[in-house]
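Below is one structure, written out as structure tokens; comments come after it.
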Amino acid sequence: MSSTVASAPRTEPPRDRLDLRLVPVALALWAGTFTGLACTWGAAAAVGVFVTVTTVAAVAWMRPSGRRRAVAVAGLCLVAGLAVGASRAAPMHGGPVTDLAEAGAYVEIEGVLTGDPVERHRVAAKPAAEAMEAGDEQTYVVGRIRVERISGRSLSYELRSPVLFVTGETSWAALLPGQRIRTGGIVEPSRGRAPDVAAVLRPRAGPELIGAPSTASRLTEPLRAGLRASVSGLGPDARGLIPGLVVGDESLMTDHLRQDMKAAGLTHLTAVSGTNITIVLVVVLAVARWSGLRSYALPVVGLLAVVGFVLLARPDPSVLRAAAMGVVAVVGLAVAGRRRGLPALAAAATLLLLIDPWLARSVGFALSVLATAGILALVPHWQRAMWWLPRPLAVAIVVPLAAQVACTPMLLAVSGELSLASLPANVLAAPAVAPATIFGVVAAAISPLAPTVAAWSAWVAGIPAWWIATLAHWFAERPGATMPWVPGAAGVVTSVTLALVAVAAMPLVLRRPVVSLAAGAALTVGLLRALPSPGWPPPEWLVVACDVGQGDAVVLRAGEHTAVVVDAGREPAPVRRCLDELDVHTVPLLVLSHFDLDHVGGVRGVLDGRHVGRALVSPLREPADNAADVTRRLDEAGVPMSAAEPGQRIAVGDQLTLEVLWPRRLISAPESVSNNASVVLDAEVDGVDVLLTGDLEPAAQRALMRSEPRLSTDVLKVAHHGSPNQHHGLLTGLDARIALISVGDDNAYGHPAPSVLDTLRAGGVRTFRTDHDGAVAVVRGPAGLGVVTRDAALAP
């Protein structure tokens, strides 16, 4: 019987050699386009001449052969890519729009919306008069316009130039792609915020509509709106996830689900990836075959299905990219085999780059190409290796595994984190993706005609969607879901080397059941327990500023496995990982300086798996929603909570004492009242003074200095992530030797401000920031106080 099972894989298609002839063409065009987008015409011409001369010399030196032709074609494609990239980037390097933006001019524009506007949220400072009513998050709208007429400074120009608009007017969110509008506002340089636009427009008012949306938008918007209406009766997770799975609409997703999807490596499911296209195409072709269609009718039906789905999801570059990759994956695996699949992928990538050269600098495009290449090149071989599993189960395992291996070097270079959760999460989610997507598409398609039936279809889609969301939440909460990677060039080289080793070794692992199960068990252990990081944390650390992105979380050592935690960052996962790495099991005191989301959003990460004794919070419970959420979480965990009082002294063990210095009163000033009500702590950790200032702004900082005239410290946690709103006397008048700035590398606020860094530097204060250094630990060394950063500790 065993011999029968073992012989099953022999019926698989024979191993065919990879056809790589078009790969150098695509890579050369990609490299040329990538370079051309960063060049002016003059620089691109100089590089083009150099490449041409080098190519001609190489071809002349080589003997006539296929390689000679390949070098010539690659050189030609590189030069063509330079020309395409430079021509597309020319409006970004100069022209009327960029000139007006450099002058900060007020302009009147006419143009066409090129995509769906997106609502986003950010933490906003609030004037004192508004603080008791307004939340800490401000809604704003971001989108893109192709400007066709611009008037400013008594001049008018006709052109075709893309700009990014950012506005607090939420009426912009209702616009549809293809809508022709007129508006006025200030233009300013993009300065790297979006390299594929000529400027950023900040409209002064809502748009004036001067034309109808595109035909595609008018036809598909009722379907998209119908889908949102169909899921309105479902739970919050399913309600937010189904539109994301079907058409990439994340407008109904909660921040919690979005964060957990990211931690679990499942965000590609809501980004209209090749997976969505593949599912729709496979199901449509299966139904067509069942209906009796054959021969040339099948490609026509498949093409119509892809076109319809692209129109439903909006034909923007990311959706077109997904469509191309999905079609290539289906054709390569189901029809052509990997020999012709890779040439199809190279041809598709070349065509997409010619249509939209900015894809050459898109991480999403690179990941799509890598994932599709990994599936085409590795899945057939790896599937044969797993002869001991039924074919559907083997495919379910090796497809995400191949995509993960192919994408890992790029993911590590971009995110700096290795996701242990991504593979098992995707394997377990895979069976649910197809039914959730298909029933969601059906709900969208029939919603205008039969809303009740559409709601039932959405309810069915909600079951697998619930499963995907549950997986995201569970995996995101595992201590080892993500782990930081070695930074810099060393990390890139290491990741590429490991990926190549995985490609070579994986068949040997997969064909042995015992070894495969052992690898799965090791991955499970890594998920359930944070893996140790050699060199981190340093022995006998005293204070650690955790790397929680744009937020605060500071840990004060109080004994073995014991620490006081001050603030928790915006999300649970980063602070949970930080405390796990520090091996903190007990938190006698959790201090929440104030209730802004970037200080309290991660409270769940402190509570999970740890004993928390009590919580000390700001007496001002604003924003009210955040304060209520924190109160509920602490009550559920059985953690008593009390408001901080000035002069309050707390001893924690033998080596940590805390004194509350602020807030003594609420400051009436045109600043954020909640920031100025931050709890300020003067801590002494084993003889080292640490001043923790929350998000205090200048008025409260001056009041603090007046109330504590003899205040000094060794370590200063700089207020408000290094915001420019600082009382410089607090920065340099405390005799601090070390300054810690907790800040995220993706913040849009310019934190930390150069003026703050200059002031600290001029005062002789050594400054460390979590966006550049990772987590920062203050230690006591032979020469006195020292600092160890996590990135430096992990670097080889």
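Letters A, B, ... go to the chains of the structure tokens in the order shown; residues in each chain start at 1; ligands are counted from 1 in the same order.
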
Exercise for review: Name the residues in contact with segment 146-150 of chain A at a cut-off of 6 Å, using only C-alpha atoms, excluding same-chain residues fewer than 5 positions from it; report them as a list in words.
Suggested key: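 Everything that qualifies: Glu108, Ile109, Glu110, Gly111, Val112, Ser156, Tyr157, Glu158, Leu159, Arg160, Ser161 and Pro162 of chain A.
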
Kindly export the residues of the current selection with all heavy atoms, as an mmCIF file, in the first residue's frame.
data_model
loop_
_atom_site.group_PDB
_atom_site.id
_atom_site.type_symbol
_atom_site.label_atom_id
_atom_site.label_comp_id
_atom_site.auth_asym_id
_atom_site.auth_seq_id
_atom_site.Cartn_x
_atom_site.Cartn_y
_atom_site.Cartn_z
ATOM 1 N N GLU A 108 -5.213 78.334 -8.593
ATOM 2 C CA GLU A 108 -6.502 77.780 -9.009
ATOM 3 C C GLU A 108 -6.196 76.663 -9.999
ATOM 4 O O GLU A 108 -5.402 76.854 -10.925
ATOM 5 C CB GLU A 108 -7.369 78.846 -9.674
ATOM 6 C CG GLU A 108 -7.732 80.011 -8.785
ATOM 7 C CD GLU A 108 -8.879 79.689 -7.834
ATOM 8 O OE1 GLU A 108 -9.550 78.640 -8.053
ATOM 9 O OE2 GLU A 108 -9.095 80.460 -6.885
ATOM 10 N N ILE A 109 -6.809 75.490 -9.803
ATOM 11 C CA ILE A 109 -6.514 74.377 -10.701
ATOM 12 C C ILE A 109 -7.802 73.774 -11.237
ATOM 13 O O ILE A 109 -8.862 73.819 -10.608
ATOM 14 C CB ILE A 109 -5.664 73.295 -10.010
ATOM 15 C CG1 ILE A 109 -6.470 72.592 -8.900
ATOM 16 C CG2 ILE A 109 -4.381 73.862 -9.451
ATOM 17 C CD1 ILE A 109 -6.873 71.186 -9.208
ATOM 18 N N GLU A 110 -7.689 73.190 -12.418
ATOM 19 C CA GLU A 110 -8.711 72.312 -12.973
ATOM 20 C C GLU A 110 -8.027 70.991 -13.269
ATOM 21 O O GLU A 110 -6.896 70.964 -13.769
ATOM 22 C CB GLU A 110 -9.319 72.888 -14.248
ATOM 23 C CG GLU A 110 -10.189 74.094 -14.048
ATOM 24 C CD GLU A 110 -10.830 74.562 -15.345
ATOM 25 O OE1 GLU A 110 -10.816 73.766 -16.314
ATOM 26 O OE2 GLU A 110 -11.315 75.699 -15.395
ATOM 27 N N GLY A 111 -8.714 69.927 -12.959
ATOM 28 C CA GLY A 111 -8.095 68.635 -13.203
ATOM 29 C C GLY A 111 -9.070 67.495 -13.005
ATOM 30 O O GLY A 111 -10.272 67.691 -12.792
ATOM 31 N N VAL A 112 -8.525 66.288 -13.069
ATOM 32 C CA VAL A 112 -9.324 65.070 -12.992
ATOM 33 C C VAL A 112 -8.802 64.214 -11.854
ATOM 34 O O VAL A 112 -7.587 64.001 -11.716
ATOM 35 C CB VAL A 112 -9.248 64.288 -14.320
ATOM 36 C CG1 VAL A 112 -10.015 62.972 -14.209
ATOM 37 C CG2 VAL A 112 -9.788 65.129 -15.462
ATOM 38 N N SER A 156 -1.162 81.550 -16.296
ATOM 39 C CA SER A 156 -1.981 80.354 -16.446
ATOM 40 C C SER A 156 -1.283 79.381 -17.387
ATOM 41 O O SER A 156 -0.678 79.795 -18.378
ATOM 42 C CB SER A 156 -3.358 80.725 -17.002
ATOM 43 O OG SER A 156 -4.176 79.579 -17.090
ATOM 44 N N TYR A 157 -1.357 78.085 -17.061
ATOM 45 C CA TYR A 157 -0.664 77.069 -17.850
ATOM 46 C C TYR A 157 -1.619 75.899 -18.104
ATOM 47 O O TYR A 157 -2.426 75.523 -17.241
ATOM 48 C CB TYR A 157 0.566 76.530 -17.105
ATOM 49 C CG TYR A 157 1.538 77.586 -16.639
ATOM 50 C CD1 TYR A 157 1.410 78.151 -15.362
ATOM 51 C CD2 TYR A 157 2.578 78.014 -17.451
ATOM 52 C CE1 TYR A 157 2.308 79.113 -14.921
ATOM 53 C CE2 TYR A 157 3.471 78.983 -17.012
ATOM 54 C CZ TYR A 157 3.327 79.524 -15.749
ATOM 55 O OH TYR A 157 4.216 80.480 -15.308
ATOM 56 N N GLU A 158 -1.480 75.316 -19.297
ATOM 57 C CA GLU A 158 -2.155 74.067 -19.604
ATOM 58 C C GLU A 158 -1.106 72.966 -19.639
ATOM 59 O O GLU A 158 -0.065 73.109 -20.294
ATOM 60 C CB GLU A 158 -2.895 74.157 -20.940
ATOM 61 C CG GLU A 158 -4.087 75.099 -20.901
ATOM 62 C CD GLU A 158 -4.932 75.015 -22.161
ATOM 63 O OE1 GLU A 158 -4.571 74.199 -23.042
ATOM 64 O OE2 GLU A 158 -5.936 75.739 -22.245
ATOM 65 N N LEU A 159 -1.380 71.881 -18.922
ATOM 66 C CA LEU A 159 -0.371 70.817 -18.782
ATOM 67 C C LEU A 159 -1.075 69.540 -18.334
ATOM 68 O O LEU A 159 -2.298 69.481 -18.239
ATOM 69 C CB LEU A 159 0.693 71.247 -17.754
ATOM 70 C CG LEU A 159 0.231 72.029 -16.499
ATOM 71 C CD1 LEU A 159 -0.514 71.168 -15.532
ATOM 72 C CD2 LEU A 159 1.428 72.672 -15.820
ATOM 73 N N ARG A 160 -0.324 68.518 -18.084
ATOM 74 C CA ARG A 160 -0.824 67.273 -17.491
ATOM 75 C C ARG A 160 0.194 66.856 -16.430
ATOM 76 O O ARG A 160 1.205 66.251 -16.751
ATOM 77 C CB ARG A 160 -0.988 66.185 -18.553
ATOM 78 C CG ARG A 160 -2.100 66.453 -19.549
ATOM 79 C CD ARG A 160 -2.094 65.426 -20.661
ATOM 80 N NE ARG A 160 -2.406 64.085 -20.196
ATOM 81 C CZ ARG A 160 -3.631 63.588 -20.109
ATOM 82 N NH1 ARG A 160 -4.680 64.352 -20.441
ATOM 83 N NH2 ARG A 160 -3.838 62.358 -19.706
ATOM 84 N N SER A 161 -0.098 67.218 -15.195
ATOM 85 C CA SER A 161 0.868 67.000 -14.127
ATOM 86 C C SER A 161 0.157 66.459 -12.889
ATOM 87 O O SER A 161 -0.851 67.023 -12.455
ATOM 88 C CB SER A 161 1.591 68.309 -13.798
ATOM 89 O OG SER A 161 2.659 68.086 -12.919
ATOM 90 N N PRO A 162 0.650 65.372 -12.284
ATOM 91 C CA PRO A 162 -0.019 64.805 -11.106
ATOM 92 C C PRO A 162 0.347 65.562 -9.832
ATOM 93 O O PRO A 162 1.497 65.948 -9.627
ATOM 94 C CB PRO A 162 0.527 63.375 -11.064
ATOM 95 C CG PRO A 162 1.882 63.473 -11.691
ATOM 96 C CD PRO A 162 1.789 64.548 -12.728
#

List the spatial neighbours of Lys262 of chain A as a compact mmCIF listing (two decimals) with N, CA and C atoms, in the first residue's frame - criterion: any atom at most 10 Å away, only C-alpha atoms, same-chain residues fewer than 3 positions off excluded.
# COMPACT_ATOMS: atom_id res chain seq x y z
N LEU A 257 -8.14 45.77 13.70
CA LEU A 257 -8.03 44.70 12.71
C LEU A 257 -6.92 45.01 11.72
N ARG A 258 -6.82 46.27 11.29
CA ARG A 258 -5.78 46.63 10.33
C ARG A 258 -4.39 46.37 10.90
N GLN A 259 -4.18 46.71 12.17
CA GLN A 259 -2.89 46.49 12.81
C GLN A 259 -2.59 45.01 12.94
N GLY A 265 0.88 39.27 8.79
CA GLY A 265 1.30 39.09 7.41
C GLY A 265 0.15 38.82 6.46
N LEU A 266 -1.04 39.35 6.76
CA LEU A 266 -2.21 39.10 5.94
C LEU A 266 -2.72 40.34 5.20
N THR A 267 -1.97 41.43 5.25
CA THR A 267 -2.46 42.67 4.64
C THR A 267 -2.63 42.55 3.12
N HIS A 268 -1.90 41.65 2.49
CA HIS A 268 -2.02 41.52 1.03
C HIS A 268 -3.42 41.07 0.62
N SER A 419 8.71 38.16 10.00
CA SER A 419 7.41 37.70 10.47
C SER A 419 7.40 36.18 10.53
N SER A 422 3.57 34.98 9.45
CA SER A 422 3.03 35.11 8.10
C SER A 422 2.73 33.77 7.44
N ALA A 472 -5.93 36.60 12.33
CA ALA A 472 -5.11 37.81 12.42
C ALA A 472 -4.94 38.24 13.87
N ALA A 476 -1.32 37.89 15.78
CA ALA A 476 -0.73 39.17 16.16
C ALA A 476 -0.41 39.23 17.64

Exercise for review: Name the residues of segment 509-619 of chain A that fall into alpha helix (DSSP H) according to DSSP on the backbone, using the chain letters and numbers of this document, as a ChimeraX atom specification.
Suggested key: /A:509-510,513-528,572-581,597-600,603-607

Check your understanding: Distance atom CA of Pro479 of chain A-atom CA of Asp654 of chain A, one decimal place?
Key ->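 Pair atom CA of Pro479 of chain A / atom CA of Asp654 of chain A returns 29.3 Å.
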
Practice item. Skip Arg478 of chain A itself and residues of its chain fewer than 5 positions away, then list as a PyMOL selection string all residues within 12 Å of it, counting only C-alpha atoms. Key: chain A and resi 260+263-264+419-422+425+471-473+483+523-531+572-574+576-577+580+605+608-609

**Study point:** Within 10 Å of segment 752-758 of chain A using only C-alpha atoms, minus same-chain residues under 4 positions, as a list in words
**Key:** Val718, His720, His721, Gly722, Ser723, Pro724, Asn725, Gln726, His727, His728, Leu731, Ala739, Ile741, Ser742, Val743, Gly744, Asp745, Asn747, Ala762, Gly763, Gly764, Val765, Arg766, Thr767, Phe768, Arg769 and Asp771 of chain A

Deliver the residues from the most recent selection as a file, using C-alpha atoms, as a PDB file, in the first residue's frame.
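The resulting file, again_21.pdb, is shown below:
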ATOM      1  CA  VAL A 718      12.270  64.552  25.613  1.00  0.00           C
ATOM      2  CA  HIS A 720       6.272  65.168  22.713  1.00  0.00           C
ATOM      3  CA  HIS A 721       8.615  63.070  20.563  1.00  0.00           C
ATOM      4  CA  GLY A 722      10.968  65.998  19.996  1.00  0.00           C
ATOM      5  CA  SER A 723       8.285  68.358  18.716  1.00  0.00           C
ATOM      6  CA  PRO A 724       9.557  71.875  17.919  1.00  0.00           C
ATOM      7  CA  ASN A 725       7.210  73.205  20.625  1.00  0.00           C
ATOM      8  CA  GLN A 726       9.735  73.075  23.483  1.00  0.00           C
ATOM      9  CA  HIS A 727      10.912  75.343  26.279  1.00  0.00           C
ATOM     10  CA  HIS A 728      14.640  75.199  25.597  1.00  0.00           C
ATOM     11  CA  LEU A 731      16.163  70.798  27.288  1.00  0.00           C
ATOM     12  CA  ALA A 739      18.295  62.481  26.074  1.00  0.00           C
ATOM     13  CA  ILE A 741      13.428  60.637  21.984  1.00  0.00           C
ATOM     14  CA  SER A 742      10.680  58.096  21.326  1.00  0.00           C
ATOM     15  CA  VAL A 743       9.560  58.668  17.748  1.00  0.00           C
ATOM     16  CA  GLY A 744       8.444  56.732  14.676  1.00  0.00           C
ATOM     17  CA  ASP A 745      10.240  56.793  11.343  1.00  0.00           C
ATOM     18  CA  ASN A 747       5.600  60.211  11.256  1.00  0.00           C
ATOM     19  CA  ALA A 762      24.865  72.467  21.713  1.00  0.00           C
ATOM     20  CA  GLY A 763      24.142  71.705  25.371  1.00  0.00           C
ATOM     21  CA  GLY A 764      26.419  68.650  25.288  1.00  0.00           C
ATOM     22  CA  VAL A 765      23.523  66.197  25.714  1.00  0.00           C
ATOM     23  CA  ARG A 766      23.977  62.819  24.016  1.00  0.00           C
ATOM     24  CA  THR A 767      20.755  62.190  22.113  1.00  0.00           C
ATOM     25  CA  PHE A 768      19.287  58.855  21.061  1.00  0.00           C
ATOM     26  CA  ARG A 769      16.094  58.320  19.055  1.00  0.00           C
ATOM     27  CA  ASP A 771      13.457  55.734  14.838  1.00  0.00           C
TER      28      ASP A 771
END

Practice item. Could you please write out, as a ChimeraX atom specification, every residue of segment 49-173 of chain A that DSSP assigns to strand (DSSP E)? Key: /A:106-113,118-123,137-152,155-167

Check your understanding: So which residues touch segment 285-295 of chain A within 12 Å, counting only C-alpha atoms, skipping near sequence neighbours fewer than 4 positions away, as a ChimeraX atom specification?
Key -> /A:278-281,299-306,330-331,334

With all heavy atoms kept, could you save the residues just selected as a compact mmCIF listing (two decimals), in the first residue's frame?
# COMPACT_ATOMS: atom_id res chain seq x y z
N THR A 278 -6.69 35.66 -9.08
CA THR A 278 -6.57 34.22 -9.31
C THR A 278 -7.84 33.50 -8.89
O THR A 278 -8.36 32.63 -9.62
CB THR A 278 -5.37 33.66 -8.52
OG1 THR A 278 -4.18 34.32 -8.97
CG2 THR A 278 -5.24 32.17 -8.72
N ILE A 279 -8.37 33.86 -7.71
CA ILE A 279 -9.58 33.20 -7.22
C ILE A 279 -10.74 33.43 -8.18
O ILE A 279 -11.45 32.50 -8.57
CB ILE A 279 -9.92 33.72 -5.82
CG1 ILE A 279 -8.89 33.22 -4.80
CG2 ILE A 279 -11.32 33.30 -5.40
CD1 ILE A 279 -9.00 33.86 -3.44
N VAL A 280 -10.96 34.69 -8.56
CA VAL A 280 -12.07 35.00 -9.47
C VAL A 280 -11.90 34.28 -10.79
O VAL A 280 -12.85 33.68 -11.33
CB VAL A 280 -12.15 36.53 -9.68
CG1 VAL A 280 -13.14 36.86 -10.79
CG2 VAL A 280 -12.55 37.22 -8.39
N LEU A 281 -10.68 34.28 -11.33
CA LEU A 281 -10.44 33.67 -12.63
C LEU A 281 -10.64 32.16 -12.57
O LEU A 281 -11.27 31.57 -13.47
CB LEU A 281 -9.02 34.01 -13.09
CG LEU A 281 -8.67 33.75 -14.55
CD1 LEU A 281 -9.67 34.42 -15.47
CD2 LEU A 281 -7.26 34.26 -14.84
N PRO A 299 -10.78 31.47 -22.87
CA PRO A 299 -9.98 32.70 -22.69
C PRO A 299 -10.81 33.96 -22.76
O PRO A 299 -10.55 34.93 -22.04
CB PRO A 299 -8.96 32.63 -23.83
CG PRO A 299 -8.89 31.19 -24.20
CD PRO A 299 -10.24 30.63 -23.96
N VAL A 300 -11.83 33.98 -23.62
CA VAL A 300 -12.68 35.18 -23.72
C VAL A 300 -13.43 35.40 -22.42
O VAL A 300 -13.50 36.54 -21.90
CB VAL A 300 -13.66 35.03 -24.90
CG1 VAL A 300 -14.66 36.19 -24.91
CG2 VAL A 300 -12.90 34.97 -26.21
N VAL A 301 -14.00 34.34 -21.86
CA VAL A 301 -14.72 34.45 -20.60
C VAL A 301 -13.77 34.90 -19.49
O VAL A 301 -14.11 35.76 -18.67
CB VAL A 301 -15.39 33.10 -20.23
CG1 VAL A 301 -15.94 33.15 -18.81
CG2 VAL A 301 -16.50 32.80 -21.22
N GLY A 302 -12.58 34.30 -19.47
CA GLY A 302 -11.60 34.68 -18.45
C GLY A 302 -11.20 36.14 -18.56
O GLY A 302 -11.11 36.86 -17.55
N LEU A 303 -10.99 36.60 -19.81
CA LEU A 303 -10.62 38.00 -20.01
C LEU A 303 -11.73 38.94 -19.56
O LEU A 303 -11.47 39.95 -18.89
CB LEU A 303 -10.31 38.24 -21.49
CG LEU A 303 -9.93 39.67 -21.87
CD1 LEU A 303 -8.66 40.10 -21.15
CD2 LEU A 303 -9.74 39.78 -23.39
N LEU A 304 -12.98 38.61 -19.88
CA LEU A 304 -14.10 39.45 -19.45
C LEU A 304 -14.20 39.48 -17.93
O LEU A 304 -14.51 40.53 -17.34
CB LEU A 304 -15.41 38.91 -20.06
CG LEU A 304 -15.55 39.07 -21.58
CD1 LEU A 304 -16.83 38.41 -22.07
CD2 LEU A 304 -15.55 40.55 -21.96
N ALA A 305 -13.94 38.34 -17.28
CA ALA A 305 -14.00 38.29 -15.82
C ALA A 305 -12.93 39.18 -15.20
O ALA A 305 -13.20 39.92 -14.24
CB ALA A 305 -13.83 36.85 -15.33
N VAL A 306 -11.73 39.13 -15.75
CA VAL A 306 -10.64 39.96 -15.22
C VAL A 306 -10.95 41.43 -15.43
O VAL A 306 -10.78 42.26 -14.53
CB VAL A 306 -9.30 39.57 -15.88
CG1 VAL A 306 -8.22 40.56 -15.49
CG2 VAL A 306 -8.90 38.17 -15.45
N VAL A 330 -2.04 32.02 -12.90
CA VAL A 330 -2.99 31.00 -13.34
C VAL A 330 -2.51 30.33 -14.62
O VAL A 330 -2.49 29.10 -14.74
CB VAL A 330 -4.40 31.61 -13.54
CG1 VAL A 330 -5.33 30.61 -14.22
CG2 VAL A 330 -4.97 32.04 -12.21
N VAL A 331 -2.11 31.14 -15.58
CA VAL A 331 -1.64 30.59 -16.85
C VAL A 331 -0.38 29.75 -16.65
O VAL A 331 -0.24 28.65 -17.19
CB VAL A 331 -1.38 31.72 -17.87
CG1 VAL A 331 -0.70 31.18 -19.12
CG2 VAL A 331 -2.69 32.40 -18.23
N ALA A 334 -1.45 26.50 -14.34
CA ALA A 334 -2.51 25.63 -14.81
C ALA A 334 -2.40 25.29 -16.30
O ALA A 334 -2.90 24.27 -16.73
CB ALA A 334 -3.88 26.28 -14.56

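Each of A:Thr98, A:Thr732, A:Ser362, A:Ser495 was checked against Gly152 of chain A using only C-alpha atoms; the smallest atom-to-atom distance is that of A:Thr98.
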
Check your understanding: Of the candidates A:Leu252, A:Ile242, A:Arg614, A:Leu312, which shows the shortest atom-to-atom distance to Ala216 of chain A, using only C-alpha atoms?
Key -> A:Leu312

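Closest to Gly551 of chain A among A:Gly613, A:His751, A:Gln648, A:Gln701 is A:His751, based on only C-alpha atoms.
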